[in-house]
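Engineer: Sharing protein30.txt, compact mmCIF, C-alpha atoms:
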# COMPACT_ATOMS: atom_id res chain seq x y z
CA MET A 27 139.56 91.96 33.17
CA ALA A 28 140.56 94.55 35.79
CA GLY A 29 144.19 95.46 36.43
CA GLY A 30 147.01 95.94 33.94
CA LYS A 31 149.83 93.54 33.24
CA THR A 32 151.90 94.85 36.15
CA ALA A 33 149.00 94.41 38.55
CA GLN A 34 148.19 90.94 37.23
CA ALA A 35 151.82 89.92 37.46
CA GLY A 36 151.53 90.67 41.21
CA PHE A 37 148.27 88.81 41.65
CA SER A 38 149.83 85.40 42.21
CA GLU A 39 152.09 86.84 44.92
CA VAL A 40 149.16 88.46 46.72
CA ALA A 41 147.03 85.35 46.27
CA MET A 42 149.64 82.96 47.61
CA ALA A 43 150.51 85.27 50.52
CA SER A 44 146.81 85.48 51.40
CA LEU A 45 146.17 81.78 51.03
CA PRO A 46 146.83 80.64 54.64
CA ARG A 47 144.45 83.27 56.01
CA ILE A 48 141.67 82.82 53.48
CA TYR A 49 141.87 79.03 53.63
CA ARG A 50 141.63 79.16 57.43
CA LEU A 51 138.57 81.40 57.11
CA ALA A 52 137.05 79.23 54.37
CA ARG A 53 137.55 76.05 56.38
CA ARG A 54 135.78 77.52 59.37
CA LEU A 55 132.95 79.02 57.34
CA ALA A 56 132.30 76.30 54.81
CA ASN A 57 134.12 73.24 56.18
CA ARG A 58 134.08 70.72 53.32
CA GLY A 59 133.25 73.43 50.82
CA ALA A 60 136.41 75.34 51.76
CA GLU A 61 138.32 74.81 48.52
CA ASP A 62 135.37 75.87 46.38
CA LEU A 63 135.00 78.99 48.49
CA VAL A 64 138.71 79.78 48.10
CA GLN A 65 138.55 79.27 44.33
CA GLU A 66 135.49 81.50 43.94
CA THR A 67 137.24 84.12 46.06
CA LEU A 68 140.40 83.94 43.94
CA MET A 69 138.35 84.32 40.76
CA ARG A 70 136.53 87.37 42.07
CA ALA A 71 139.73 88.85 43.48
CA TYR A 72 141.48 88.40 40.15
CA GLN A 73 138.69 90.25 38.36
CA ARG A 74 138.96 93.13 40.84
CA PHE A 75 142.69 93.11 41.42
CA GLY A 76 143.07 96.58 39.97
CA GLN A 77 141.07 97.92 42.93
CA LEU A 78 143.68 96.79 45.47
CA GLN A 79 145.60 99.91 46.49
CA HIS A 80 148.28 98.40 48.71
CA VAL A 81 149.71 94.92 48.25
CA GLU A 82 150.23 94.48 52.00
CA ALA A 83 146.45 94.83 52.48
CA GLY A 84 145.98 91.80 50.23
CA PRO A 85 145.02 89.21 52.88
CA ALA A 86 142.41 91.51 54.48
CA TRP A 87 141.09 92.47 51.04
CA MET A 88 140.82 88.81 50.05
CA SER A 89 139.03 88.01 53.31
CA ALA A 90 136.49 90.75 52.63
CA ILE A 91 135.91 89.35 49.14
CA MET A 92 135.50 85.88 50.60
CA LEU A 93 132.78 87.14 52.95
CA ASN A 94 130.94 88.61 49.97
CA VAL A 95 131.23 85.32 48.09
CA TYR A 96 130.08 83.42 51.17
CA ARG A 97 127.10 85.76 51.69
CA ASP A 98 126.08 85.40 48.06
CA GLY A 99 126.26 81.62 48.45
CA LEU A 100 124.05 81.76 51.53
CA ARG A 101 121.50 83.83 49.65
CA ARG A 102 121.51 81.48 46.69
CA SER A 103 121.05 78.37 48.79
CA LYS A 104 118.78 80.03 51.39
CA ARG A 105 120.88 78.30 54.08
CA SER A 106 120.74 81.49 56.12
CA ILE A 107 117.08 81.05 57.06
CA ASP A 108 117.48 77.58 58.55
CA GLU A 109 117.31 78.62 62.19
CA LEU A 110 117.46 75.60 64.48
CA ALA A 111 115.40 75.05 67.58
CA PHE A 112 117.23 74.33 70.82
CA ASP A 113 115.25 73.82 73.97
CA ASP A 114 117.56 74.83 76.73
CA VAL A 115 120.86 75.94 75.24
CA ASP A 116 120.32 79.67 75.76
CA GLU A 117 120.82 79.32 79.49
CA TYR A 118 123.50 76.60 79.37
CA SER A 119 126.50 77.19 81.61
CA LEU A 120 129.60 75.06 81.07
CA TYR A 121 131.09 76.51 84.24
CA ARG A 122 128.24 75.08 86.29
CA LYS A 123 128.22 71.81 84.37
CA VAL A 124 131.90 71.24 85.13
CA GLU A 125 131.33 72.17 88.77
CA GLU A 126 128.35 69.82 89.09
CA GLU A 127 129.97 66.86 87.31
CA ASP A 128 133.39 67.47 88.92
CA PRO A 129 135.35 65.30 86.45
CA PHE A 130 138.68 65.79 88.26
CA PRO A 131 137.86 65.54 92.00
CA TYR A 132 141.45 66.15 93.14
CA SER A 133 141.98 69.22 91.00
CA ASP A 134 142.69 72.60 92.58
CA SER A 135 141.76 74.36 89.35
CA LEU A 136 138.90 72.27 88.02
CA HIS A 137 137.72 74.57 85.23
CA LEU A 138 141.18 75.29 83.86
CA ASP A 139 142.04 71.59 83.99
CA PHE A 140 138.86 70.86 82.05
CA ILE A 141 139.80 73.33 79.30
CA ALA A 142 143.39 72.05 79.24
CA GLN A 143 142.13 68.72 77.89
CA PHE A 144 141.33 70.34 74.53
CA GLY A 145 143.94 70.72 71.83
CA ARG A 146 143.51 73.13 68.94
CA ASP A 147 142.36 70.27 66.70
CA ASP A 148 139.68 69.34 69.24
CA VAL A 149 138.39 72.92 69.28
CA LEU A 150 138.44 73.01 65.47
CA ALA A 151 136.49 69.74 65.31
CA ILE A 152 133.87 71.20 67.67
CA LEU A 153 133.56 74.38 65.60
CA LEU A 154 133.25 72.47 62.34
CA ALA A 155 130.48 70.29 63.76
CA MET A 156 128.36 73.31 64.71
CA PRO A 157 125.46 74.38 62.49
CA GLU A 158 126.80 76.80 59.91
CA ILE A 159 124.58 79.76 60.78
CA TYR A 160 125.94 79.75 64.35
CA ARG A 161 129.51 78.83 63.48
CA ALA A 162 129.90 81.73 61.03
CA PRO A 163 129.30 84.62 63.48
CA LEU A 164 131.28 82.85 66.21
CA VAL A 165 134.32 82.37 63.95
CA LEU A 166 134.10 85.82 62.41
CA HIS A 167 133.86 87.52 65.80
CA TYR A 168 136.29 85.55 67.96
CA VAL A 169 138.73 84.04 65.48
CA GLU A 170 138.80 86.69 62.76
CA GLY A 171 138.13 89.71 64.98
CA TYR A 172 135.18 91.25 63.13
CA SER A 173 132.77 93.43 65.11
CA THR A 174 129.13 92.39 65.29
CA LYS A 175 128.19 95.33 63.05
CA GLU A 176 130.76 94.27 60.44
CA ILE A 177 129.43 90.72 60.54
CA ALA A 178 125.86 91.93 60.04
CA ARG A 179 126.94 94.08 57.11
CA ASN A 180 129.08 91.38 55.49
CA LEU A 181 126.51 88.62 55.88
CA GLY A 182 123.63 90.87 54.89
CA ALA A 183 121.64 90.16 58.08
CA PRO A 184 120.10 92.55 60.64
CA LEU A 185 122.33 93.29 63.66
CA GLY A 186 119.70 91.86 66.03
CA THR A 187 119.75 88.56 64.14
CA ILE A 188 123.54 88.36 64.33
CA LEU A 189 123.53 89.18 68.07
CA ALA A 190 120.93 86.48 68.73
CA ARG A 191 122.85 83.91 66.68
CA LEU A 192 126.10 84.84 68.35
CA HIS A 193 124.55 84.37 71.77
CA ARG A 194 123.23 80.97 70.80
CA ALA A 195 126.55 80.08 69.17
CA ARG A 196 128.49 80.82 72.39
CA LYS A 197 126.15 78.64 74.39
CA LEU A 198 126.24 75.88 71.78
CA PHE A 199 130.04 76.04 71.89
CA GLU A 200 129.97 75.63 75.68
CA ARG A 201 127.60 72.68 75.46
CA ASP A 202 129.55 71.08 72.63
CA LEU A 203 132.81 71.34 74.58
CA TRP A 204 131.28 69.25 77.34
CA ASN A 205 129.65 66.75 74.99
CA TYR A 206 132.87 66.36 72.98
CA ALA A 207 134.96 65.82 76.11
CA ASP A 208 132.51 63.23 77.35
CA ARG A 209 132.30 61.45 74.00
CA GLU A 210 136.03 61.48 73.25
CA GLY A 211 137.08 60.31 76.70
CA LEU A 212 138.82 63.56 77.66
CA LEU A 213 137.39 63.34 81.16
CA THR A 214 139.09 60.12 82.16
CA LYS A 215 141.91 60.30 84.68
CA SER A 216 144.41 58.65 82.35
CA HIS A 217 143.82 61.33 79.74
CA MET A 218 144.16 64.29 82.06
CA LYS A 219 146.65 66.97 81.01
CA GLU A 220 148.00 69.82 83.11
CA SER A 221 146.22 73.12 82.68
CA VAL A 222 147.86 75.68 80.42
CA VAL A 223 145.61 78.59 79.56
CA PRO A 224 146.12 79.55 75.88
CA MET B 29 119.47 93.91 90.64
CA ILE B 30 119.61 90.92 88.28
CA THR B 31 119.75 87.19 89.03
CA CYS B 32 122.74 84.91 88.43
CA THR B 33 120.99 83.41 85.40
CA GLU B 34 120.41 86.83 83.87
CA ALA B 35 123.99 87.88 84.59
CA VAL B 36 125.53 84.70 83.16
CA LYS B 37 123.53 85.06 79.94
CA GLN B 38 125.27 88.38 79.34
CA PHE B 39 128.87 87.56 80.30
CA TRP B 40 130.25 87.03 76.79
CA GLN B 41 128.73 90.30 75.62
CA TYR B 42 130.00 91.95 78.78
CA LEU B 43 133.54 90.79 77.94
CA ASP B 44 133.09 92.03 74.38
CA ASP B 45 132.10 95.45 75.75
CA ASP B 46 128.94 94.97 73.74
CA LEU B 47 126.29 95.72 76.40
CA ALA B 48 124.30 98.91 76.75
CA PRO B 49 125.60 101.04 79.67
CA LYS B 50 122.57 100.26 81.83
CA GLN B 51 122.94 96.50 81.32
CA GLN B 52 126.67 96.72 81.95
CA GLN B 53 126.00 98.49 85.24
CA LEU B 54 123.52 95.78 86.25
CA VAL B 55 126.14 93.09 85.56
CA ASP B 56 128.78 95.09 87.44
CA ASP B 57 126.42 95.40 90.43
CA HIS B 58 125.74 91.67 90.37
CA LEU B 59 129.44 90.81 90.18
CA GLY B 60 130.00 93.01 93.22
CA ILE B 61 127.94 90.70 95.37
CA CYS B 62 128.33 87.26 93.74
CA ARG B 63 131.62 85.38 93.97
CA GLN B 64 130.27 82.41 91.99
CA CYS B 65 129.52 84.65 89.01
CA CYS B 66 133.00 86.23 89.23
CA GLY B 67 134.39 82.72 88.70
CA GLU B 68 131.98 82.15 85.86
CA LEU B 69 133.04 85.42 84.22
CA GLU B 70 136.71 84.42 84.41
CA PHE B 71 135.83 81.10 82.82
CA ALA B 72 134.01 82.89 79.98
CA ARG B 73 137.24 84.86 79.43
CA VAL B 74 139.18 81.59 79.17
CA LEU B 75 136.66 80.21 76.65
CA GLN B 76 137.11 83.31 74.52
CA SER B 77 140.87 82.84 74.57
CA VAL B 78 140.38 79.23 73.44
CA LEU B 79 138.55 80.54 70.37
CA GLU B 80 141.05 83.34 69.77
CA ASP B 81 143.81 80.73 69.89
CA GLN B 82 142.43 79.31 66.64
CA ARG B 83 143.96 82.35 64.90
CA SER B 84 147.42 80.93 65.25
CA VAL B 85 146.59 77.62 63.62
CA ASP B 86 148.42 77.26 60.33
CA GLU B 87 146.61 74.44 58.68
CA LEU B 88 147.09 74.97 54.96
CA PRO B 89 147.93 71.50 53.66
CA ALA B 90 150.72 71.33 51.07
CA GLU B 91 148.48 69.65 48.50
CA VAL B 92 145.86 72.41 48.83
CA ARG B 93 148.58 75.04 48.41
CA GLU B 94 149.74 73.27 45.23
CA ARG B 95 146.21 72.97 43.83
CA MET B 96 145.53 76.64 44.51
CA ALA B 97 148.86 77.69 42.98
CA ARG B 98 147.89 75.82 39.80
CA PHE B 99 144.45 77.47 39.90
CA VAL B 100 146.00 80.94 40.18
CA LYS B 101 148.28 80.19 37.24
CA GLU B 102 145.25 79.15 35.19
CA LEU B 103 143.54 82.42 36.11
CA GLU B 104 146.52 84.41 34.91
CA ARG B 105 146.70 82.71 31.50
I need this file expressed as structure tokens, please.

Structural biologist:
Amino acid sequence: MAGGKTAQAGFSEVAMASLPRIYRLARRLANRGAEDLVQETLMRAYQRFGQLQHVEAGPAWMSAIMLNVYRDGLRRSKRSIDELAFDDVDEYSLYRKVEEEDPFPYSDSLHLDFIAQFGRDDVLAILLAMPEIYRAPLVLHYVEGYSTKEIARNLGAPLGTILARLHRARKLFERDLWNYADREGLLTKSHMKESVVP
Amino acid sequence: MITCTEAVKQFWQYLDDDLAPKQQQLVDDHLGICRQCCGELEFARVLQSVLEDQRSVDELPAEVRERMARFVKELER
């Protein structure tokens, strides 16, 4: 077991301080498998706790370990090779879709009013419903702030593959925003909220 | 010069500063003459901010925190 008694005594503090961040990441990467992913990460982190130089770097260190655990899981299950076929999503434009459908005819700021209909829970629901191989790079890049090169390295995939998946993920996200709004009744007049850009 | 479709396909990467200089210049040139695409670019920026906004969501349920605290204690035994 790595780390002496002093280091191990501090593990629970680092683990609990990191928990909100790593659970958020786990939820967005693995959805229903989030708790398993967190537990595997905690186990691996505990074994390597002696390698952590600065306690304040704990959350970032735990996140990096989680990505390794996640990548290993992908390799084991071969989920990473399940590319999906989409006919027309690569050229999808939500901006044009909103303009064409014009859900709020009296709006002076149609696109912002469209986006204002979505709460954070709506956006999370859309992300969680996306295929995992597209959700992962989208979340890692835009929510967690990883560069595309870091994502490629951490997920063990070529940069070109990550760029292609990220492109498709952005377009899927645009399409799913529209479909979700349509399905959940966000486009009805009675539901309309004022636009507040996040 | 590139078409609107070609420009739109690259907007997210353009905002990420992730395009090669030549491609970036082609998008810049297109934006210089296309008001519709300027609007579309602004909208792509808003969509990015919607995703970035997920960072501030604190969604750790109390029961998960308790389960994980117990798990950490077990690890330390």

Engineer: Chain A residues within 7 Å of chain B, counting only C-alpha atoms: which ones, as a VMD selection string?

Structural biologist: chain A and resid 38 46 49 to 50 117 121 146 168 to 169 224

Engineer: Which residue gives the smallest distance to Tyr72 (chain A) among A:Phe37, A:Ser133, A:Ser103, A:Tyr96, with all atoms listed in the file counted?

Structural biologist: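 Residue with the minimum atom-to-atom distance to Tyr72 (chain A): A:Phe37.
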
Engineer: Between CA of Ala207 (chain A) and CA of Phe140 (chain A), measure the distance and give it in Å to one decimal.

Structural biologist: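 Between CA of Ala207 (chain A) and CA of Phe140 (chain A) the gap is 8.7 Å.
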
Engineer: Excluding same-chain residues fewer than 6 positions from Ala190 (chain A), what lies within 12 Å of it counting all atoms listed in the file, as a ChimeraX atom specification?

Structural biologist: /A:109,116,159-160,163-164,174,178,183-184,196-197 /B:37-38,41

Engineer: Looking at B:Leu59, B:Gln53, B:Asp45, B:Ala90, which one is nearest to Cys32 (chain B), with distances taken over only C-alpha atoms?

Structural biologist: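 Closest to Cys32 (chain B), using only C-alpha atoms: B:Leu59.
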
Engineer: So how many Å separate CA of Thr187 (chain A) and CA of Asp114 (chain A), to one decimal?

Structural biologist: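 These two atoms are separated by 18.8 Å.
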
Engineer: Just the number, please: distance in Å from CA of His80 (chain A) to CA of Thr67 (chain A), one decimal.

Structural biologist: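 Taking CA of His80 (chain A) and CA of Thr67 (chain A), their separation equals 18.2 Å.
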
Engineer: With 8 Å added on each side, what axis-aligned box encloses every listed atom of region 92-104 of chain B? Give the centre and edge lengths in Å to one decimal, as lines of an AutoDock Vina configuration file.

Structural biologist:
center_x = 146.6
center_y = 78.4
center_z = 41.9
size_x = 22.2
size_y = 28.0
size_z = 29.9

Engineer: For the point (126.5, 82.0, 52.5) in file coordinates, what residues are within 12 Å, counting all atoms listed in the file? Give the answer as a PyMOL selection string?

Structural biologist: chain A and resi 52+55-56+59-60+63+92-108+158-159+161-163+180-183

Engineer: Please produce an output containing C-alpha atoms for each residue in the selection, written as a tab-separated table (two decimals), in the frame of the given file.

Structural biologist:
chain	number	residue	atom	x	y	z
A	52	ALA	CA	137.05	79.23	54.37
A	55	LEU	CA	132.95	79.02	57.34
A	56	ALA	CA	132.30	76.30	54.81
A	59	GLY	CA	133.25	73.43	50.82
A	60	ALA	CA	136.41	75.34	51.76
A	63	LEU	CA	135.00	78.99	48.49
A	92	MET	CA	135.50	85.88	50.60
A	93	LEU	CA	132.78	87.14	52.95
A	94	ASN	CA	130.94	88.61	49.97
A	95	VAL	CA	131.23	85.32	48.09
A	96	TYR	CA	130.08	83.42	51.17
A	97	ARG	CA	127.10	85.76	51.69
A	98	ASP	CA	126.08	85.40	48.06
A	99	GLY	CA	126.26	81.62	48.45
A	100	LEU	CA	124.05	81.76	51.53
A	101	ARG	CA	121.50	83.83	49.65
A	102	ARG	CA	121.51	81.48	46.69
A	103	SER	CA	121.05	78.37	48.79
A	104	LYS	CA	118.78	80.03	51.39
A	105	ARG	CA	120.88	78.30	54.08
A	106	SER	CA	120.74	81.49	56.12
A	107	ILE	CA	117.08	81.05	57.06
A	108	ASP	CA	117.48	77.58	58.55
A	158	GLU	CA	126.80	76.80	59.91
A	159	ILE	CA	124.58	79.76	60.78
A	161	ARG	CA	129.51	78.83	63.48
A	162	ALA	CA	129.90	81.73	61.03
A	163	PRO	CA	129.30	84.62	63.48
A	180	ASN	CA	129.08	91.38	55.49
A	181	LEU	CA	126.51	88.62	55.88
A	182	GLY	CA	123.63	90.87	54.89
A	183	ALA	CA	121.64	90.16	58.08

Engineer: Considering all atoms listed in the file, return as number ranges by chain whatever protein or nucleic-acid residues lie within 12 Å of Ile61 (chain B), sequence-local ones (same chain, fewer than 3 positions apart) excluded.

Structural biologist: B: 29-32, 35, 54-58, 64-66

Engineer: Save out the residues we just selected, C-alpha atoms, as a PDB file, in the frame of the given file.

Structural biologist:
ATOM      1  CA  MET B  29     119.470  93.910  90.640  1.00  0.00           C
ATOM      2  CA  ILE B  30     119.610  90.920  88.280  1.00  0.00           C
ATOM      3  CA  THR B  31     119.750  87.190  89.030  1.00  0.00           C
ATOM      4  CA  CYS B  32     122.740  84.910  88.430  1.00  0.00           C
ATOM      5  CA  ALA B  35     123.990  87.880  84.590  1.00  0.00           C
ATOM      6  CA  LEU B  54     123.520  95.780  86.250  1.00  0.00           C
ATOM      7  CA  VAL B  55     126.140  93.090  85.560  1.00  0.00           C
ATOM      8  CA  ASP B  56     128.780  95.090  87.440  1.00  0.00           C
ATOM      9  CA  ASP B  57     126.420  95.400  90.430  1.00  0.00           C
ATOM     10  CA  HIS B  58     125.740  91.670  90.370  1.00  0.00           C
ATOM     11  CA  GLN B  64     130.270  82.410  91.990  1.00  0.00           C
ATOM     12  CA  CYS B  65     129.520  84.650  89.010  1.00  0.00           C
ATOM     13  CA  CYS B  66     133.000  86.230  89.230  1.00  0.00           C
TER      14      CYS B  66
END

Engineer: Under the rule that all atoms listed in the file are counted, which of A:Leu51, A:Ala142, A:Leu78, A:Leu185 is the nearest residue to Leu154 (chain A)?

Structural biologist: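 Once distances to Leu154 (chain A) are computed over all atoms listed in the file, the minimum belongs to A:Leu51.
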
Engineer: When distances are computed from only C-alpha atoms, which of A:Glu200, A:Val40, A:Pro85, A:Ser173 shows the smallest separation from Ile188 (chain A)?

Structural biologist: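 For Ile188 (chain A), the nearest of the candidates is A:Ser173.
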
Engineer: Ranking A:Ile48, A:Leu189, A:Met88, A:Val124 by minimum distance to Leu136 (chain A) and counting only C-alpha atoms, which one comes first?

Structural biologist: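 The answer is A:Val124, which sits nearest to Leu136 (chain A).
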
Engineer: Could you check which of A:Arg191, A:Gln65, A:Leu198, A:Arg58 is closest to Ile91 (chain A), using only C-alpha atoms?

Structural biologist: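 Closest to Ile91 (chain A) of all the choices is A:Gln65.
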